[in-house]
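Engineer: Sharing a structure here in structure tokens format.
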Protein chains: 2
Amino acid sequence: MDTVPPRRRRAGREQLLAAALRLFLRDGIQATSLQDIANASGVTKAGLYYHYKTKDEIVLDVLKPLLDALPAVTRRAEAHRTHAAQVDEVLGGLIEIALDERAGFAVLVNDPYLTQLLSQQPSMRQWWDDTAALLLGPDPDDQTRIGLAMFINGLPGASRDPAMAPLDDRSRRSHLLECGRRLLRPATGT
Amino acid sequence: MDTVPPRRRRAGREQLLAAALRLFLRDGIQATSLQDIANASGVTKAGLYYHYKTKDEIVLDVLKPLLDALPAVTRRAEAHRTHAAQVDEVLGGLIEIALDERAGFAVLVNDPYLTQLLSQQPSMRQWWDDTAALLLGPDPDDQTRIGLAMFINGLPGASRDPAMAPLDDRSRRSHLLECGRRLLRPATGT
DNA sequence: GTCTATACAAGGATAGAC
DNA sequence: GTCTATCCTTGTATAGAC
């Protein structure tokens, strides 16, 4: 019948989400009020409530791309046959996400508010259990476990470190991947 | 003249600080209200204001041990003669601090509120510049810079990872030190 | 769909009694 | 030195006009 109209039905919503993520990254979720988001996005505070019922809904929608992307990485990795290939796929995927500012990976790992918000749904924890098992392989040693913890916790910070600024995207990826490979190597002696 | 009286003049204050740190670590600084601290420490909200004028003063006093300990590590390291010894001293010192829950290292690295609070005083940034220079040595390559960023950002999280729970303190230290050594090794090929 | 106005709760901070 | 009571500001959320 009719063609798809070119008007962007959700333009305001997208502006809103972009502004919110920027503020969440800079100031943290708690410190970002709805007033702040409203000011930064050009919508009024009450206007936010047309799109969302609560602040939590905004937070979850801001991080939706991230929450979808993480399981996708793991699913892709599971298709590989060798353990080494699986590890590289997961590391590469996580690095890709961490380097993408829009994903908000830094918010996810750091923010206590979000940790509590997500802990209510067990899907996130389930994802991490699966992914850690994939990365560590069967019967991992302590050194590897701790190396993984350092990688996942350090990745967001390292991705946003000043040392990254002068590098091109390919170098960033390869350096971060090298960090992951070093940390996940099983202990040799000791 | 008179002996030091055994009464603890600052017992209330210490309870207060311990409770505050516990809450800061669990919920973040922003999410911890003075009411929360009061409830957890047995003091009333107004009672806090006898000891401190503002919430920021409480935050800074909670982290005072940490803010003192970090420069001390660097000073100790500077006394060593070889670069390798300096690196091990700094890594060991940082790990020691990160493993000590009371130090609140996790709060320092993660919390945006604190980042902003500390950025007002340049001493912290100066300390990190000096310490990074010490760890990286002259003319560091990009891989080493990024490895350092991952170590310092990942250290608090790795220190509190579930994989740490079953280990004794000596094992924890040595595993974290191994992570640091791996990350700070200069790139070989590429 | 977006704004104005406002209700309601919570947080930081102060005054003053004890 | 610690508590009670209170003020002011900010934050989330809602009602209703346009």
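Going by the structure tokens order, chains are called A, B, ..., each with residues numbered from 1, while ligands are numbered from 1 in the order shown.
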Show me, as a list of chain:residue names, the residues of chain D whose atoms get within 8 Å of chain B, using only C-alpha atoms (C1' of nucleotides) for the distance check.

Structural biologist: D:DG1, D:DT2, D:DC3

Engineer: Name the residues in contact with range 78-94 of chain B at a cut-off of 10 Å, using only C-alpha atoms (C1' of nucleotides), excluding same-chain residues fewer than 3 positions from it; report them as an MDAnalysis selection string.

Structural biologist: chainID B and resid 69:70 72:75 97:100 105 131:132 134:137 151:152 155:156 173:174 176:181 184

Engineer: Please save N, CA, C and O atoms of the selected residues as a short mmCIF file (atom, residue, chain, number, x, y, z; two decimals), in the first residue's frame.

Structural biologist:
data_model
loop_
_atom_site.label_atom_id
_atom_site.label_comp_id
_atom_site.auth_asym_id
_atom_site.auth_seq_id
_atom_site.Cartn_x
_atom_site.Cartn_y
_atom_site.Cartn_z
N ALA B 69 49.82 5.92 51.07
CA ALA B 69 50.59 4.71 50.78
C ALA B 69 51.15 4.72 49.37
O ALA B 69 52.26 4.21 49.13
N LEU B 70 50.41 5.27 48.43
CA LEU B 70 50.85 5.22 47.04
C LEU B 70 52.18 5.95 46.81
O LEU B 70 53.10 5.37 46.24
N ALA B 72 54.39 6.55 48.93
CA ALA B 72 55.44 5.86 49.70
C ALA B 72 56.03 4.71 48.90
O ALA B 72 57.24 4.47 48.93
N VAL B 73 55.16 4.00 48.17
CA VAL B 73 55.64 2.90 47.33
C VAL B 73 56.64 3.41 46.30
O VAL B 73 57.72 2.84 46.10
N THR B 74 56.28 4.49 45.66
CA THR B 74 57.15 5.03 44.61
C THR B 74 58.48 5.52 45.19
O THR B 74 59.54 5.28 44.61
N ARG B 75 58.42 6.16 46.35
CA ARG B 75 59.66 6.63 46.97
C ARG B 75 60.57 5.46 47.31
O ARG B 75 61.79 5.52 47.11
N ILE B 97 48.79 -3.03 48.30
CA ILE B 97 47.72 -2.07 48.58
C ILE B 97 46.39 -2.58 48.04
O ILE B 97 45.35 -2.48 48.69
N ALA B 98 46.43 -3.13 46.82
CA ALA B 98 45.19 -3.60 46.20
C ALA B 98 44.58 -4.76 46.99
O ALA B 98 43.36 -4.89 47.07
N LEU B 99 45.44 -5.59 47.58
CA LEU B 99 44.94 -6.75 48.32
C LEU B 99 44.40 -6.36 49.69
O LEU B 99 43.64 -7.11 50.30
N ASP B 100 44.80 -5.21 50.17
CA ASP B 100 44.33 -4.75 51.47
C ASP B 100 42.98 -4.05 51.31
O ASP B 100 42.90 -2.93 50.84
N PHE B 105 41.48 0.64 47.29
CA PHE B 105 42.07 0.89 45.97
C PHE B 105 41.00 0.77 44.88
O PHE B 105 41.01 1.54 43.90
N THR B 131 55.22 7.60 38.66
CA THR B 131 55.24 6.15 38.83
C THR B 131 55.21 5.44 37.48
O THR B 131 55.93 4.45 37.27
N ALA B 132 54.40 5.95 36.57
CA ALA B 132 54.35 5.35 35.24
C ALA B 132 55.71 5.46 34.56
O ALA B 132 56.17 4.50 33.94
N LEU B 134 58.56 5.57 35.97
CA LEU B 134 59.45 4.60 36.63
C LEU B 134 59.22 3.19 36.09
O LEU B 134 60.17 2.45 35.82
N LEU B 135 57.96 2.83 35.93
CA LEU B 135 57.64 1.47 35.49
C LEU B 135 57.98 1.25 34.02
O LEU B 135 58.42 0.17 33.63
N LEU B 136 57.77 2.28 33.22
CA LEU B 136 57.93 2.11 31.77
C LEU B 136 59.38 2.25 31.33
O LEU B 136 59.77 1.70 30.31
N GLY B 137 60.16 2.97 32.11
CA GLY B 137 61.53 3.20 31.70
C GLY B 137 61.60 4.19 30.55
O GLY B 137 60.57 4.69 30.10
N PHE B 151 47.14 -3.29 33.56
CA PHE B 151 47.48 -3.75 34.90
C PHE B 151 46.85 -2.85 35.96
O PHE B 151 46.18 -3.33 36.88
N ILE B 152 47.03 -1.57 35.83
CA ILE B 152 46.58 -0.66 36.89
C ILE B 152 45.06 -0.61 36.94
O ILE B 152 44.46 -0.53 38.02
N LEU B 155 43.90 -4.29 38.21
CA LEU B 155 44.37 -4.78 39.52
C LEU B 155 43.28 -4.83 40.59
O LEU B 155 43.14 -5.86 41.26
N PRO B 156 42.51 -3.77 40.77
CA PRO B 156 41.49 -3.84 41.81
C PRO B 156 40.48 -4.95 41.55
O PRO B 156 40.15 -5.72 42.46
N ARG B 173 49.63 -12.68 45.93
CA ARG B 173 50.67 -11.72 45.54
C ARG B 173 51.45 -12.20 44.34
O ARG B 173 51.69 -11.46 43.39
N SER B 174 51.86 -13.46 44.37
CA SER B 174 52.74 -13.93 43.30
C SER B 174 52.00 -14.01 41.96
O SER B 174 52.56 -13.72 40.91
N LEU B 176 49.45 -12.12 41.00
CA LEU B 176 49.26 -10.75 40.49
C LEU B 176 50.57 -10.16 39.98
O LEU B 176 50.60 -9.46 38.96
N LEU B 177 51.64 -10.49 40.68
CA LEU B 177 52.95 -10.01 40.23
C LEU B 177 53.29 -10.59 38.86
O LEU B 177 53.82 -9.89 37.99
N GLU B 178 52.97 -11.85 38.68
CA GLU B 178 53.20 -12.48 37.39
C GLU B 178 52.40 -11.79 36.28
O GLU B 178 52.91 -11.56 35.17
N CYS B 179 51.17 -11.42 36.58
CA CYS B 179 50.37 -10.66 35.61
C CYS B 179 51.09 -9.38 35.22
O CYS B 179 51.20 -9.03 34.03
N GLY B 180 51.58 -8.66 36.21
CA GLY B 180 52.28 -7.41 35.94
C GLY B 180 53.53 -7.62 35.11
O GLY B 180 53.79 -6.88 34.16
N ARG B 181 54.28 -8.63 35.44
CA ARG B 181 55.51 -8.89 34.68
C ARG B 181 55.20 -9.20 33.22
O ARG B 181 55.86 -8.75 32.31
N LEU B 184 54.11 -6.04 31.33
CA LEU B 184 55.11 -4.98 31.15
C LEU B 184 56.32 -5.42 30.34
O LEU B 184 57.25 -4.64 30.14
#

Engineer: Using only C-alpha atoms (C1' of nucleotides), find which residues of chain C lie within 9 Å of chain B and jot them down as a PyMOL selection string.

Structural biologist: chain C and resi 11-13

Engineer: Using the selection just defined, write its residues with C-alpha atoms (C1' of nucleotides) as a CSV table (one decimal), in the first residue's frame.

Structural biologist:
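What ended up in selection-v3.csv:
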chain,number,residue,atom,x,y,z
C,11,DG,C1',20.0,13.9,50.7
C,12,DG,C1',23.2,17.4,52.5
C,13,DA,C1',23.8,20.6,55.9

Engineer: If you run DSSP on the backbone, which residues of chain A are helix (DSSP H, G or I), as a PyMOL selection string?

Structural biologist: chain A and resi 11-27+34-41+45-51+55-62+64-78+83-99+101-103+105-110+112-119+123-136+142-159+162-164+169-184

Engineer: Considering only C-alpha atoms, tabulate each residue of chain B that lies at most 6 Å from chain A along with its nearest interatomic pair and the corresponding distance in Å to one decimal; arrange the rows by chain and ascending residue number and present them as JSON lines.

Structural biologist:
{"residue": "B:Asp27", "atom": "CA", "partner": "A:Pro112", "partner_atom": "CA", "distance": 5.5}
{"residue": "B:Gly28", "atom": "CA", "partner": "A:Pro112", "partner_atom": "CA", "distance": 5.9}
{"residue": "B:Asn110", "atom": "CA", "partner": "A:Asn110", "partner_atom": "CA", "distance": 5.8}
{"residue": "B:Pro112", "atom": "CA", "partner": "A:Asp27", "partner_atom": "CA", "distance": 5.5}
{"residue": "B:Gln143", "atom": "CA", "partner": "A:His175", "partner_atom": "CA", "distance": 5.6}
{"residue": "B:Ala149", "atom": "CA", "partner": "A:Ala158", "partner_atom": "CA", "distance": 4.9}
{"residue": "B:Met150", "atom": "CA", "partner": "A:Gly154", "partner_atom": "CA", "distance": 4.5}
{"residue": "B:Asn153", "atom": "CA", "partner": "A:Gly154", "partner_atom": "CA", "distance": 4.6}
{"residue": "B:Gly154", "atom": "CA", "partner": "A:Gly154", "partner_atom": "CA", "distance": 3.6}
{"residue": "B:Gly157", "atom": "CA", "partner": "A:Asn153", "partner_atom": "CA", "distance": 5.5}
{"residue": "B:Ala158", "atom": "CA", "partner": "A:Met150", "partner_atom": "CA", "distance": 4.9}
{"residue": "B:His175", "atom": "CA", "partner": "A:Gln143", "partner_atom": "CA", "distance": 5.6}

Engineer: How far is it from CA of Asp129 in chain A to CA of Gly104 in chain A, in Å with one decimal?

Structural biologist: 20.7 Å

Engineer: Please measure the separation of CA of Thr188 in chain A and CA of Asp169 in chain B, giving the value in Å to one decimal.

Structural biologist: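 A separation of 20.6 Å between them.
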
Engineer: Extract, using only C-alpha atoms (C1' of nucleotides), all DNA, RNA and protein residues at most 12 Å from DT6 in chain C, discarding same-chain residues fewer than 6 positions from it, and format them as a list in words.

Structural biologist: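 Final neighbour list, sorted by chain and number: Ala46 of chain A; DA13, DT14, DA15 and DG16 of chain D.
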
Engineer: Which distance in Å separates CA of Asp168 in chain B and CA of Leu63 in chain B, to one decimal?

Structural biologist: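 The value is 25.6 Å.
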